[in-house]
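Next comes upload30.pdb, a file with PDB, C-alpha atoms, pLDDT in the B column.
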```pdb
ATOM      1  CA  MET A   1      38.334   4.964  -2.287  1.00 48.00           C
ATOM      2  CA  ARG A   2      35.917   4.467   0.595  1.00 48.00           C
ATOM      3  CA  LEU A   3      36.136   7.090   3.334  1.00 50.00           C
ATOM      4  CA  SER A   4      35.606   6.135   6.945  1.00 54.00           C
ATOM      5  CA  ASN A   5      33.750   8.308   9.442  1.00 55.00           C
ATOM      6  CA  ARG A   6      37.056   9.227  11.004  1.00 61.00           C
ATOM      7  CA  GLN A   7      38.504  10.334   7.663  1.00 59.00           C
ATOM      8  CA  LEU A   8      35.410  12.394   6.930  1.00 51.00           C
ATOM      9  CA  ARG A   9      35.779  14.178  10.267  1.00 58.00           C
ATOM     10  CA  LYS A  10      39.415  14.933   9.414  1.00 60.00           C
ATOM     11  CA  TYR A  11      38.395  16.404   6.099  1.00 54.00           C
ATOM     12  CA  MET A  12      35.716  18.495   7.772  1.00 53.00           C
ATOM     13  CA  ASN A  13      38.132  19.825  10.414  1.00 57.00           C
ATOM     14  CA  GLY A  14      41.032  20.275   8.005  1.00 53.00           C
ATOM     15  CA  ASP A  15      43.157  18.060  10.290  1.00 50.00           C
ATOM     16  CA  SER A  16      45.797  15.634   8.967  1.00 46.00           C
ATOM     17  CA  GLY A  17      46.486  12.662  11.228  1.00 49.00           C
ATOM     18  CA  GLY A  18      48.431  13.461  14.394  1.00 47.00           C
ATOM     19  CA  CYS A  19      49.955  16.600  12.886  1.00 46.00           C
ATOM     20  CA  ARG A  20      48.521  19.883  14.063  1.00 47.00           C
ATOM     21  CA  GLU A  21      49.458  21.746  10.913  1.00 48.00           C
ATOM     22  CA  LYS A  22      46.738  23.652   9.235  1.00 49.00           C
ATOM     23  CA  ARG A  23      45.743  22.338   5.863  1.00 49.00           C
ATOM     24  CA  GLU A  24      43.353  23.586   3.247  1.00 51.00           C
ATOM     25  CA  PRO A  25      39.920  22.128   3.985  1.00 53.00           C
ATOM     26  CA  VAL A  26      38.361  20.119   1.231  1.00 49.00           C
ATOM     27  CA  PRO A  27      35.658  22.160  -0.564  1.00 57.00           C
ATOM     28  CA  THR A  28      32.140  21.298   0.561  1.00 64.00           C
ATOM     29  CA  ALA A  29      31.086  20.133  -2.907  1.00 64.00           C
ATOM     30  CA  GLY A  30      34.056  17.768  -3.132  1.00 70.00           C
ATOM     31  CA  LEU A  31      33.346  16.397   0.336  1.00 70.00           C
ATOM     32  CA  ILE A  32      29.724  15.716  -0.575  1.00 72.00           C
ATOM     33  CA  LEU A  33      30.745  13.866  -3.737  1.00 75.00           C
ATOM     34  CA  LYS A  34      33.254  11.743  -1.850  1.00 75.00           C
ATOM     35  CA  SER A  35      30.705  11.009   0.851  1.00 74.00           C
ATOM     36  CA  LYS A  36      28.171   9.899  -1.748  1.00 70.00           C
ATOM     37  CA  ALA A  37      30.733   7.717  -3.467  1.00 74.00           C
ATOM     38  CA  ALA A  38      31.702   6.083  -0.165  1.00 72.00           C
ATOM     39  CA  PHE A  39      28.055   5.539   0.763  1.00 69.00           C
ATOM     40  CA  TYR A  40      27.090   3.938  -2.543  1.00 66.00           C
ATOM     41  CA  GLU A  41      30.238   1.833  -2.621  1.00 67.00           C
ATOM     42  CA  GLY A  42      29.371   0.369   0.766  1.00 63.00           C
ATOM     43  CA  GLU A  43      25.708  -0.153  -0.164  1.00 59.00           C
ATOM     44  CA  GLU A  44      26.576  -1.886  -3.437  1.00 59.00           C
ATOM     45  CA  ARG A  45      28.553  -4.504  -1.555  1.00 61.00           C
ATOM     46  CA  ASP A  46      25.715  -5.126   0.907  1.00 62.00           C
ATOM     47  CA  THR A  47      22.645  -4.640  -1.311  1.00 66.00           C
ATOM     48  CA  LEU A  48      19.677  -6.728  -0.252  1.00 68.00           C
ATOM     49  CA  THR A  49      18.171  -9.243  -2.622  1.00 77.00           C
ATOM     50  CA  ALA A  50      14.542  -8.748  -3.669  1.00 77.00           C
ATOM     51  CA  ALA A  51      13.392 -11.417  -1.196  1.00 81.00           C
ATOM     52  CA  GLU A  52      15.428  -9.862   1.646  1.00 81.00           C
ATOM     53  CA  PHE A  53      14.084  -6.402   0.869  1.00 79.00           C
ATOM     54  CA  LEU A  54      10.530  -7.749   0.897  1.00 83.00           C
ATOM     55  CA  TYR A  55      11.191  -9.519   4.202  1.00 84.00           C
ATOM     56  CA  TRP A  56      12.557  -6.398   5.882  1.00 82.00           C
ATOM     57  CA  GLN A  57       9.681  -4.265   4.607  1.00 81.00           C
ATOM     58  CA  GLY A  58       7.285  -6.848   6.024  1.00 83.00           C
ATOM     59  CA  GLY A  59       8.827  -6.232   9.418  1.00 83.00           C
ATOM     60  CA  TYR A  60       7.699  -2.601   9.302  1.00 80.00           C
ATOM     61  CA  ILE A  61       4.029  -3.460   8.707  1.00 84.00           C
ATOM     62  CA  ARG A  62       1.883  -3.597  11.835  1.00 86.00           C
ATOM     63  CA  LYS A  63       0.479  -7.120  11.805  1.00 87.00           C
ATOM     64  CA  TYR A  64      -2.682  -6.319  13.746  1.00 89.00           C
ATOM     65  CA  TRP A  65      -4.204  -4.906  10.547  1.00 90.00           C
ATOM     66  CA  TRP A  66      -4.010  -8.376   9.029  1.00 92.00           C
ATOM     67  CA  ALA A  67      -5.527  -9.797  12.212  1.00 93.00           C
ATOM     68  CA  LEU A  68      -8.383  -7.272  11.973  1.00 92.00           C
ATOM     69  CA  GLN A  69      -8.951  -8.161   8.329  1.00 93.00           C
ATOM     70  CA  GLY A  70      -9.152 -11.826   9.306  1.00 93.00           C
ATOM     71  CA  GLY A  71     -11.560 -10.869  12.089  1.00 93.00           C
ATOM     72  CA  VAL A  72     -13.878  -9.099   9.622  1.00 92.00           C
ATOM     73  CA  LEU A  73     -14.057 -12.224   7.446  1.00 92.00           C
ATOM     74  CA  LEU A  74     -14.599 -14.426  10.501  1.00 93.00           C
ATOM     75  CA  ILE A  75     -17.500 -12.259  11.729  1.00 91.00           C
ATOM     76  CA  LEU A  76     -18.995 -12.309   8.240  1.00 90.00           C
ATOM     77  CA  TRP A  77     -18.741 -16.101   8.072  1.00 90.00           C
ATOM     78  CA  ILE A  78     -20.350 -16.501  11.512  1.00 90.00           C
ATOM     79  CA  SER A  79     -23.183 -14.175  10.459  1.00 88.00           C
ATOM     80  CA  LEU A  80     -23.799 -16.208   7.296  1.00 86.00           C
ATOM     81  CA  LYS A  81     -23.806 -19.430   9.299  1.00 86.00           C
ATOM     82  CA  LEU A  82     -26.100 -18.234  12.101  1.00 85.00           C
ATOM     83  CA  THR A  83     -28.644 -16.626   9.779  1.00 84.00           C
ATOM     84  CA  GLY A  84     -28.582 -19.415   7.214  1.00 79.00           C
ATOM     85  CA  SER A  85     -27.209 -16.993   4.627  1.00 74.00           C
ATOM     86  CA  GLY A  86     -30.101 -14.631   5.198  1.00 76.00           C
ATOM     87  CA  PHE A  87     -31.149 -12.072   2.609  1.00 76.00           C
ATOM     88  CA  TYR A  88     -29.916  -8.989   4.450  1.00 78.00           C
ATOM     89  CA  VAL A  89     -26.616 -10.582   5.485  1.00 82.00           C
ATOM     90  CA  ARG A  90     -25.833 -11.558   1.893  1.00 81.00           C
ATOM     91  CA  ARG A  91     -26.807  -8.168   0.554  1.00 78.00           C
ATOM     92  CA  ALA A  92     -24.876  -6.311   3.252  1.00 81.00           C
ATOM     93  CA  MET A  93     -21.626  -8.147   2.518  1.00 87.00           C
ATOM     94  CA  GLY A  94     -20.462  -5.018   0.723  1.00 86.00           C
ATOM     95  CA  VAL A  95     -20.050  -3.305   4.089  1.00 87.00           C
ATOM     96  CA  ALA A  96     -17.613  -5.998   5.235  1.00 90.00           C
ATOM     97  CA  ALA A  97     -15.849  -5.894   1.851  1.00 91.00           C
ATOM     98  CA  SER A  98     -15.368  -2.110   2.032  1.00 90.00           C
ATOM     99  CA  LEU A  99     -14.154  -2.322   5.626  1.00 90.00           C
ATOM    100  CA  PHE A 100     -11.758  -5.144   4.703  1.00 92.00           C
ATOM    101  CA  ALA A 101     -10.249  -3.052   1.897  1.00 91.00           C
ATOM    102  CA  ALA A 102     -10.200   0.223   3.879  1.00 90.00           C
ATOM    103  CA  MET A 103      -7.881  -1.395   6.439  1.00 90.00           C
ATOM    104  CA  LEU A 104      -5.134  -0.975   3.844  1.00 86.00           C
ATOM    105  CA  LEU A 105      -5.226   2.796   4.323  1.00 86.00           C
ATOM    106  CA  PRO A 106      -3.318   3.214   7.631  1.00 84.00           C
ATOM    107  CA  GLU A 107      -0.283   1.219   6.463  1.00 83.00           C
ATOM    108  CA  LEU A 108      -0.248   2.661   2.955  1.00 81.00           C
ATOM    109  CA  TRP A 109      -0.616   6.225   4.227  1.00 80.00           C
ATOM    110  CA  LYS A 110       1.704   6.125   7.232  1.00 77.00           C
ATOM    111  CA  ASN A 111       4.608   7.678   5.269  1.00 71.00           C
ATOM    112  CA  ARG A 112       2.427  10.663   4.397  1.00 69.00           C
ATOM    113  CA  SER A 113       0.631  10.958   7.734  1.00 66.00           C
ATOM    114  CA  GLY A 114       4.005  10.853   9.499  1.00 64.00           C
ATOM    115  CA  GLY A 115       5.515  13.445   7.147  1.00 62.00           C
ATOM    116  CA  ALA A 116       8.258  10.990   6.201  1.00 59.00           C
ATOM    117  CA  VAL A 117       7.873  10.909   2.420  1.00 60.00           C
ATOM    118  CA  GLU A 118      10.722  13.336   1.835  1.00 54.00           C
ATOM    119  CA  VAL A 119      12.969  11.361   4.179  1.00 57.00           C
ATOM    120  CA  GLU A 120      12.090   8.116   2.385  1.00 57.00           C
ATOM    121  CA  CYS A 121      13.040   9.738  -0.920  1.00 57.00           C
ATOM    122  CA  ALA A 122      16.539  10.366   0.425  1.00 56.00           C
ATOM    123  CA  ALA A 123      17.000   6.699   1.347  1.00 62.00           C
ATOM    124  CA  PHE A 124      18.962   4.192  -0.718  1.00 64.00           C
ATOM    125  CA  TYR A 125      15.784   2.393  -1.761  1.00 69.00           C
ATOM    126  CA  SER A 126      13.287   4.600  -3.568  1.00 71.00           C
ATOM    127  CA  LEU A 127       9.798   5.409  -2.390  1.00 73.00           C
ATOM    128  CA  ARG A 128       8.510   3.487  -5.402  1.00 76.00           C
ATOM    129  CA  GLN A 129      10.291   0.319  -4.244  1.00 79.00           C
ATOM    130  CA  ILE A 130       9.029   0.752  -0.685  1.00 80.00           C
ATOM    131  CA  TYR A 131       5.407   1.134  -1.776  1.00 80.00           C
ATOM    132  CA  ALA A 132       5.690  -1.705  -4.290  1.00 83.00           C
ATOM    133  CA  ALA A 133       6.947  -4.035  -1.555  1.00 85.00           C
ATOM    134  CA  ARG A 134       4.233  -2.928   0.845  1.00 85.00           C
ATOM    135  CA  MET A 135       1.470  -3.429  -1.732  1.00 87.00           C
ATOM    136  CA  LEU A 136       2.850  -6.839  -2.712  1.00 89.00           C
ATOM    137  CA  LEU A 137       2.856  -7.986   0.907  1.00 90.00           C
ATOM    138  CA  PHE A 138      -0.732  -6.858   1.415  1.00 90.00           C
ATOM    139  CA  ALA A 139      -1.735  -8.515  -1.852  1.00 90.00           C
ATOM    140  CA  ILE A 140      -0.225 -11.850  -0.758  1.00 92.00           C
ATOM    141  CA  VAL A 141      -1.815 -11.830   2.700  1.00 93.00           C
ATOM    142  CA  ASP A 142      -5.209 -10.603   1.456  1.00 93.00           C
ATOM    143  CA  PHE A 143      -5.178 -13.197  -1.309  1.00 93.00           C
ATOM    144  CA  LEU A 144      -4.650 -15.987   1.208  1.00 94.00           C
ATOM    145  CA  LEU A 145      -7.341 -14.625   3.561  1.00 94.00           C
ATOM    146  CA  LEU A 146      -9.875 -14.194   0.758  1.00 93.00           C
ATOM    147  CA  CYS A 147      -9.115 -17.631  -0.695  1.00 94.00           C
ATOM    148  CA  CYS A 148      -9.762 -19.300   2.655  1.00 94.00           C
ATOM    149  CA  PHE A 149     -12.968 -17.296   3.150  1.00 93.00           C
ATOM    150  CA  SER A 150     -14.272 -17.930  -0.382  1.00 92.00           C
ATOM    151  CA  LEU A 151     -13.566 -21.662  -0.293  1.00 92.00           C
ATOM    152  CA  THR A 152     -15.248 -21.982   3.098  1.00 91.00           C
ATOM    153  CA  VAL A 153     -18.354 -20.062   1.996  1.00 90.00           C
ATOM    154  CA  VAL A 154     -18.758 -21.798  -1.373  1.00 89.00           C
ATOM    155  CA  LEU A 155     -17.906 -25.356  -0.289  1.00 89.00           C
ATOM    156  CA  SER A 156     -20.256 -25.119   2.692  1.00 87.00           C
ATOM    157  CA  GLY A 157     -23.064 -24.123   0.343  1.00 81.00           C
ATOM    158  CA  ARG A 158     -23.673 -20.760   1.982  1.00 82.00           C
ATOM    159  CA  MET A 159     -23.384 -18.849  -1.301  1.00 85.00           C
ATOM    160  CA  LEU A 160     -22.806 -19.486  -4.984  1.00 86.00           C
ATOM    161  CA  VAL A 161     -19.586 -18.344  -6.628  1.00 88.00           C
ATOM    162  CA  TRP A 162     -21.394 -15.785  -8.773  1.00 89.00           C
ATOM    163  CA  GLU A 163     -23.300 -14.293  -5.838  1.00 86.00           C
ATOM    164  CA  LEU A 164     -20.136 -14.079  -3.739  1.00 89.00           C
ATOM    165  CA  THR A 165     -18.355 -12.349  -6.618  1.00 90.00           C
ATOM    166  CA  VAL A 166     -21.067  -9.708  -6.987  1.00 88.00           C
ATOM    167  CA  GLN A 167     -21.888  -9.195  -3.306  1.00 88.00           C
ATOM    168  CA  PHE A 168     -18.348  -9.172  -1.914  1.00 91.00           C
ATOM    169  CA  PHE A 169     -15.611  -8.903  -4.522  1.00 92.00           C
ATOM    170  CA  LEU A 170     -17.169  -6.115  -6.604  1.00 91.00           C
ATOM    171  CA  PRO A 171     -17.464  -3.616  -3.706  1.00 92.00           C
ATOM    172  CA  TYR A 172     -14.055  -4.790  -2.485  1.00 93.00           C
ATOM    173  CA  MET A 173     -12.445  -3.991  -5.843  1.00 93.00           C
ATOM    174  CA  VAL A 174     -14.067  -0.563  -6.060  1.00 93.00           C
ATOM    175  CA  THR A 175     -12.911   0.302  -2.531  1.00 93.00           C
ATOM    176  CA  CYS A 176      -9.359  -0.737  -3.467  1.00 91.00           C
ATOM    177  CA  CYS A 177      -9.588   1.544  -6.508  1.00 91.00           C
ATOM    178  CA  ILE A 178     -10.470   4.457  -4.226  1.00 91.00           C
ATOM    179  CA  CYS A 179      -7.626   3.645  -1.814  1.00 88.00           C
ATOM    180  CA  PHE A 180      -4.901   3.379  -4.453  1.00 87.00           C
ATOM    181  CA  ARG A 181      -6.140   6.234  -6.638  1.00 85.00           C
ATOM    182  CA  THR A 182      -6.196   8.702  -3.752  1.00 85.00           C
ATOM    183  CA  LEU A 183      -2.911   7.496  -2.254  1.00 80.00           C
ATOM    184  CA  TYR A 184      -0.702   9.340  -4.740  1.00 75.00           C
ATOM    185  CA  SER A 185      -2.801  12.505  -4.885  1.00 74.00           C
ATOM    186  CA  GLN A 186      -1.174  15.382  -3.025  1.00 69.00           C
ATOM    187  CA  ALA A 187      -4.508  17.159  -2.551  1.00 69.00           C
ATOM    188  CA  VAL A 188      -6.235  14.212  -0.813  1.00 74.00           C
ATOM    189  CA  SER A 189      -5.771  13.340   2.864  1.00 80.00           C
ATOM    190  CA  GLU A 190      -6.238   9.972   4.569  1.00 81.00           C
ATOM    191  CA  PRO A 191      -9.526  10.968   6.316  1.00 85.00           C
ATOM    192  CA  PHE A 192     -10.911  12.162   2.984  1.00 88.00           C
ATOM    193  CA  ALA A 193      -9.941   8.871   1.314  1.00 87.00           C
ATOM    194  CA  LEU A 194     -11.643   6.973   4.144  1.00 88.00           C
ATOM    195  CA  ALA A 195     -14.738   9.181   3.754  1.00 90.00           C
ATOM    196  CA  LEU A 196     -14.862   8.335   0.039  1.00 91.00           C
ATOM    197  CA  CYS A 197     -14.763   4.622   0.918  1.00 90.00           C
ATOM    198  CA  MET A 198     -17.670   5.075   3.333  1.00 90.00           C
ATOM    199  CA  VAL A 199     -19.668   7.026   0.748  1.00 92.00           C
ATOM    200  CA  TRP A 200     -19.151   4.218  -1.751  1.00 91.00           C
ATOM    201  CA  CYS A 201     -20.247   1.712   0.908  1.00 89.00           C
ATOM    202  CA  GLY A 202     -23.469   3.643   1.434  1.00 88.00           C
ATOM    203  CA  VAL A 203     -24.170   3.899  -2.299  1.00 89.00           C
ATOM    204  CA  TRP A 204     -23.583   0.171  -2.718  1.00 89.00           C
ATOM    205  CA  ASN A 205     -25.988  -0.702   0.091  1.00 85.00           C
ATOM    206  CA  LEU A 206     -28.705   1.497  -1.406  1.00 84.00           C
ATOM    207  CA  LEU A 207     -28.211  -0.337  -4.689  1.00 84.00           C
ATOM    208  CA  VAL A 208     -28.273  -3.946  -3.468  1.00 83.00           C
ATOM    209  CA  LEU A 209     -30.886  -3.574  -0.706  1.00 79.00           C
ATOM    210  CA  SER A 210     -33.399  -2.343  -3.266  1.00 79.00           C
ATOM    211  CA  GLU A 211     -34.717  -5.562  -4.778  1.00 77.00           C
ATOM    212  CA  LYS A 212     -36.197  -3.741  -7.733  1.00 80.00           C
ATOM    213  CA  VAL A 213     -32.916  -2.041  -8.637  1.00 77.00           C
ATOM    214  CA  TYR A 214     -30.834  -5.120  -7.930  1.00 78.00           C
ATOM    215  CA  LYS A 215     -32.880  -7.365 -10.223  1.00 78.00           C
ATOM    216  CA  ALA A 216     -32.889  -4.727 -12.952  1.00 79.00           C
ATOM    217  CA  VAL A 217     -29.113  -5.067 -13.300  1.00 80.00           C
ATOM    218  CA  SER A 218     -28.350  -7.990 -15.582  1.00 78.00           C
ATOM    219  CA  ALA A 219     -25.461 -10.446 -15.288  1.00 83.00           C
ATOM    220  CA  PRO A 220     -23.524  -8.874 -18.209  1.00 87.00           C
ATOM    221  CA  VAL A 221     -23.694  -5.503 -16.460  1.00 87.00           C
ATOM    222  CA  TRP A 222     -22.330  -6.966 -13.214  1.00 88.00           C
ATOM    223  CA  THR A 223     -19.569  -8.659 -15.204  1.00 90.00           C
ATOM    224  CA  ALA A 224     -18.713  -5.419 -16.984  1.00 92.00           C
ATOM    225  CA  MET A 225     -18.589  -3.540 -13.670  1.00 91.00           C
ATOM    226  CA  LEU A 226     -16.254  -6.149 -12.212  1.00 91.00           C
ATOM    227  CA  GLY A 227     -13.998  -6.020 -15.285  1.00 93.00           C
ATOM    228  CA  ILE A 228     -13.889  -2.211 -15.272  1.00 94.00           C
ATOM    229  CA  SER A 229     -13.059  -2.067 -11.567  1.00 93.00           C
ATOM    230  CA  LEU A 230     -10.291  -4.646 -11.986  1.00 92.00           C
ATOM    231  CA  ALA A 231      -8.813  -2.780 -14.955  1.00 94.00           C
ATOM    232  CA  TYR A 232      -9.013   0.562 -13.159  1.00 93.00           C
ATOM    233  CA  LEU A 233      -7.345  -0.908 -10.070  1.00 91.00           C
ATOM    234  CA  GLY A 234      -4.428  -2.045 -12.216  1.00 90.00           C
ATOM    235  CA  TYR A 235      -4.281   1.387 -13.848  1.00 90.00           C
ATOM    236  CA  SER A 236      -4.318   3.151 -10.454  1.00 86.00           C
ATOM    237  CA  VAL A 237      -1.422   1.069  -9.136  1.00 85.00           C
ATOM    238  CA  TYR A 238       0.553   1.555 -12.366  1.00 86.00           C
ATOM    239  CA  LYS A 239      -0.056   5.311 -12.483  1.00 82.00           C
ATOM    240  CA  GLY A 240       0.799   5.657  -8.816  1.00 77.00           C
ATOM    241  CA  GLN A 241       4.096   3.804  -9.227  1.00 77.00           C
ATOM    242  CA  LYS A 242       4.886   5.976 -12.240  1.00 77.00           C
ATOM    243  CA  ASN A 243       3.942   9.325 -10.685  1.00 70.00           C
ATOM    244  CA  TYR A 244       4.883   8.681  -7.062  1.00 63.00           C
ATOM    245  CA  LYS A 245       6.775  12.000  -6.898  1.00 61.00           C
ATOM    246  CA  GLU A 246       3.454  13.859  -6.740  1.00 60.00           C
ATOM    247  CA  MET A 247       3.093  12.926  -3.066  1.00 57.00           C
ATOM    248  CA  TRP A 248       6.401  14.459  -1.918  1.00 54.00           C
ATOM    249  CA  GLU A 249       6.141  17.216   0.669  1.00 48.00           C
ATOM    250  CA  VAL A 250       8.307  19.534  -1.446  1.00 49.00           C
ATOM    251  CA  LYS A 251       9.057  19.746  -5.131  1.00 50.00           C
ATOM    252  CA  PRO A 252      12.412  18.032  -5.849  1.00 49.00           C
ATOM    253  CA  LEU A 253      15.260  19.999  -7.407  1.00 46.00           C
ATOM    254  CA  TRP A 254      15.988  17.139  -9.809  1.00 45.00           C
ATOM    255  CA  ASN A 255      13.795  15.304 -12.329  1.00 47.00           C
TER     256      ASN A 255
END
```
Show me the file's structure as structure tokens.
Amino acid sequence: MRLSNRQLRKYMNGDSGGCREKREPVPTAGLILKSKAAFYEGEERDTLTAAEFLYWQGGYIRKYWWALQGGVLLILWISLKLTGSGFYVRRAMGVAASLFAAMLLPELWKNRSGGAVEVECAAFYSLRQIYAARMLLFAIVDFLLLCCFSLTVVLSGRMLVWELTVQFFLPYMVTCCICFRTLYSQAVSEPFALALCMVWCGVWNLLVLSEKVYKAVSAPVWTAMLGISLAYLGYSVYKGQKNYKEMWEVKPLWN
């Protein structure tokens, strides 16, 4: 039987309708169980579909991050066009790639930075579902942005597919690995994760701006690095979804 708010107040006060007679109050444990049953009964009737849940989660994401990501790609495209795909612009694409990926951090970390992880865990939808929806939305939008950018760059003859893959997508994938791997670590903060991304950006620039080092790395090595980063990104997302409880503010009393 579903209990209304009014009925719950009656149980709490030990009051029965209009009668002023004292009655034995319902034990706290029994009241909690009945409240849970009423809550879940109401939620089961009004449960959102997967598409509706994704839509509502999208409403909580601040859209200016997507606008900033689009702005980074636009600035990069303008730089390639104005310099005729100059050497330093092509080699420094890793900076734009790392910045593009690092813009995921504020939205992915806002539950932790706001101290709301424990509250989210008490919600009807689990923290795992919330993060999965958020990551899926970012994946869809970033995929569309990167597709438009890649097609524009390649079809205009500014860069070859292979060069774009090495110069942009490889540092982008590694930065994503850092973002998702640190997200579920209780010992790592958002500024530290951002610092790791910047360190990687600096290491990448030292690698590609050195012509001697860059040419010493063969195509199979670049391919292997791309494959490893892609595999590790998938592993990081999977492990994070599996062990999401590690980021709770307190240790739960249940398993």
For this session: Using the chain letters and residue numbers of this document, give as number ranges by chain the residues selected by the PyMOL selection byres ((chain A and resi 80) around 12).
Result: A: 73-79, 81-93, 149, 152-154, 156-159, 164
For this session: Tell me which protein, DNA and RNA residues are within 8 Å of Leu104 (chain A), counting all atoms listed in the file, leaving out same-chain ones fewer than 3 positions away, and put them as a PyMOL selection string.
Result: chain A and resi 65+100-101+107-108+138+179
For this session: Could you check which of A:Ser98, A:Glu211, A:Lys239, A:Phe168 is closest to Ala195 (chain A), using all atoms listed in the file?
Result: A:Ser98
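Closest to Leu99 (chain A) among A:Leu146, A:Leu68, A:Val141, A:Leu160 is A:Leu68, based on only C-alpha atoms.
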Exercise. For the atom pair CA of Arg62 (chain A) and CA of Ala139 (chain A), what is the interatomic distance in Å to one decimal place?
Worked result: 15.0 Å
Problem set entry | Top pick for closest residue to Pro220 (chain A), considering A:Phe169, A:Phe180, A:Trp162, A:Tyr238 and counting all atoms listed in the file |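 Using all atoms listed in the file, the shortest distance to Pro220 (chain A) belongs to A:Trp162.
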Exercise. Counting only C-alpha atoms, which of A:Gly58, A:Pro106, A:Pro171, A:Gly30 gets nearest to Ser229 (chain A)?
Worked result: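 With only C-alpha atoms as the atom set, the closest residue is A:Pro171.
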For this session: In Å, rounded to a single decimal, give me how far CA of Ala224 (chain A) is from CA of Val174 (chain A).
Result: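 Here the two named atoms are 12.8 Å from each other.
Note that the spacing between CA of Leu54 (chain A) and CA of Tyr172 (chain A) amounts to 25.0 Å.
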Problem set entry | Residue nearest Thr175 (chain A) among A:Tyr232, A:Tyr214, A:Phe143, A:Trp66 (counting all atoms listed in the file) |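 Counting all atoms listed in the file, the residue closest to Thr175 (chain A) is A:Tyr232.
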Exercise. From the set A:Leu144, A:Val95, A:Ala133, A:Ile228, which residue has the shortest atom-to-atom contact distance to Val203 (chain A), counting all atoms listed in the file?
Worked result: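 Ranked by minimum distance to Val203 (chain A), first place goes to A:Val95.
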Exercise. Got a sec to check which residues sit within 12 Å of (-0.5, 6.1, 6.3), counting all atoms listed in the file, and write them as number ranges by chain?
Worked result: A: 61-62, 102-117, 131, 134, 179-180, 182-184, 189-191, 193-194
Store the residues of this selection in a file with C-alpha atoms, as a PDB file, keeping the file's coordinate frame.
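Here's the written file again_29.pdb:
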```pdb
ATOM      1  CA  ILE A  61       4.029  -3.460   8.707  1.00 84.00           C
ATOM      2  CA  ARG A  62       1.883  -3.597  11.835  1.00 86.00           C
ATOM      3  CA  ALA A 102     -10.200   0.223   3.879  1.00 90.00           C
ATOM      4  CA  MET A 103      -7.881  -1.395   6.439  1.00 90.00           C
ATOM      5  CA  LEU A 104      -5.134  -0.975   3.844  1.00 86.00           C
ATOM      6  CA  LEU A 105      -5.226   2.796   4.323  1.00 86.00           C
ATOM      7  CA  PRO A 106      -3.318   3.214   7.631  1.00 84.00           C
ATOM      8  CA  GLU A 107      -0.283   1.219   6.463  1.00 83.00           C
ATOM      9  CA  LEU A 108      -0.248   2.661   2.955  1.00 81.00           C
ATOM     10  CA  TRP A 109      -0.616   6.225   4.227  1.00 80.00           C
ATOM     11  CA  LYS A 110       1.704   6.125   7.232  1.00 77.00           C
ATOM     12  CA  ASN A 111       4.608   7.678   5.269  1.00 71.00           C
ATOM     13  CA  ARG A 112       2.427  10.663   4.397  1.00 69.00           C
ATOM     14  CA  SER A 113       0.631  10.958   7.734  1.00 66.00           C
ATOM     15  CA  GLY A 114       4.005  10.853   9.499  1.00 64.00           C
ATOM     16  CA  GLY A 115       5.515  13.445   7.147  1.00 62.00           C
ATOM     17  CA  ALA A 116       8.258  10.990   6.201  1.00 59.00           C
ATOM     18  CA  VAL A 117       7.873  10.909   2.420  1.00 60.00           C
ATOM     19  CA  TYR A 131       5.407   1.134  -1.776  1.00 80.00           C
ATOM     20  CA  ARG A 134       4.233  -2.928   0.845  1.00 85.00           C
ATOM     21  CA  CYS A 179      -7.626   3.645  -1.814  1.00 88.00           C
ATOM     22  CA  PHE A 180      -4.901   3.379  -4.453  1.00 87.00           C
ATOM     23  CA  THR A 182      -6.196   8.702  -3.752  1.00 85.00           C
ATOM     24  CA  LEU A 183      -2.911   7.496  -2.254  1.00 80.00           C
ATOM     25  CA  TYR A 184      -0.702   9.340  -4.740  1.00 75.00           C
ATOM     26  CA  SER A 189      -5.771  13.340   2.864  1.00 80.00           C
ATOM     27  CA  GLU A 190      -6.238   9.972   4.569  1.00 81.00           C
ATOM     28  CA  PRO A 191      -9.526  10.968   6.316  1.00 85.00           C
ATOM     29  CA  ALA A 193      -9.941   8.871   1.314  1.00 87.00           C
ATOM     30  CA  LEU A 194     -11.643   6.973   4.144  1.00 88.00           C
TER      31      LEU A 194
END
```
Output region 147-154 of chain A with N, CA and C atoms present, as a short mmCIF file (atom, residue, chain, number, x, y, z; two decimals), in the frame of the given file.
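Output file out.cif follows:
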```cif
data_model
loop_
_atom_site.label_atom_id
_atom_site.label_comp_id
_atom_site.auth_asym_id
_atom_site.auth_seq_id
_atom_site.Cartn_x
_atom_site.Cartn_y
_atom_site.Cartn_z
N CYS A 147 -8.99 -16.26 -0.18
CA CYS A 147 -9.12 -17.63 -0.70
C CYS A 147 -9.73 -18.55 0.35
N CYS A 148 -9.22 -18.46 1.57
CA CYS A 148 -9.76 -19.30 2.66
C CYS A 148 -11.23 -18.99 2.90
N PHE A 149 -11.58 -17.70 2.93
CA PHE A 149 -12.97 -17.30 3.15
C PHE A 149 -13.87 -17.77 2.01
N SER A 150 -13.45 -17.56 0.78
CA SER A 150 -14.27 -17.93 -0.38
C SER A 150 -14.49 -19.43 -0.45
N LEU A 151 -13.43 -20.20 -0.25
CA LEU A 151 -13.57 -21.66 -0.29
C LEU A 151 -14.50 -22.15 0.80
N THR A 152 -14.39 -21.58 1.98
CA THR A 152 -15.25 -21.98 3.10
C THR A 152 -16.72 -21.67 2.80
N VAL A 153 -16.97 -20.47 2.28
CA VAL A 153 -18.35 -20.06 2.00
C VAL A 153 -18.96 -20.89 0.87
N VAL A 154 -18.22 -21.09 -0.20
CA VAL A 154 -18.76 -21.80 -1.37
C VAL A 154 -18.90 -23.29 -1.09
#
```
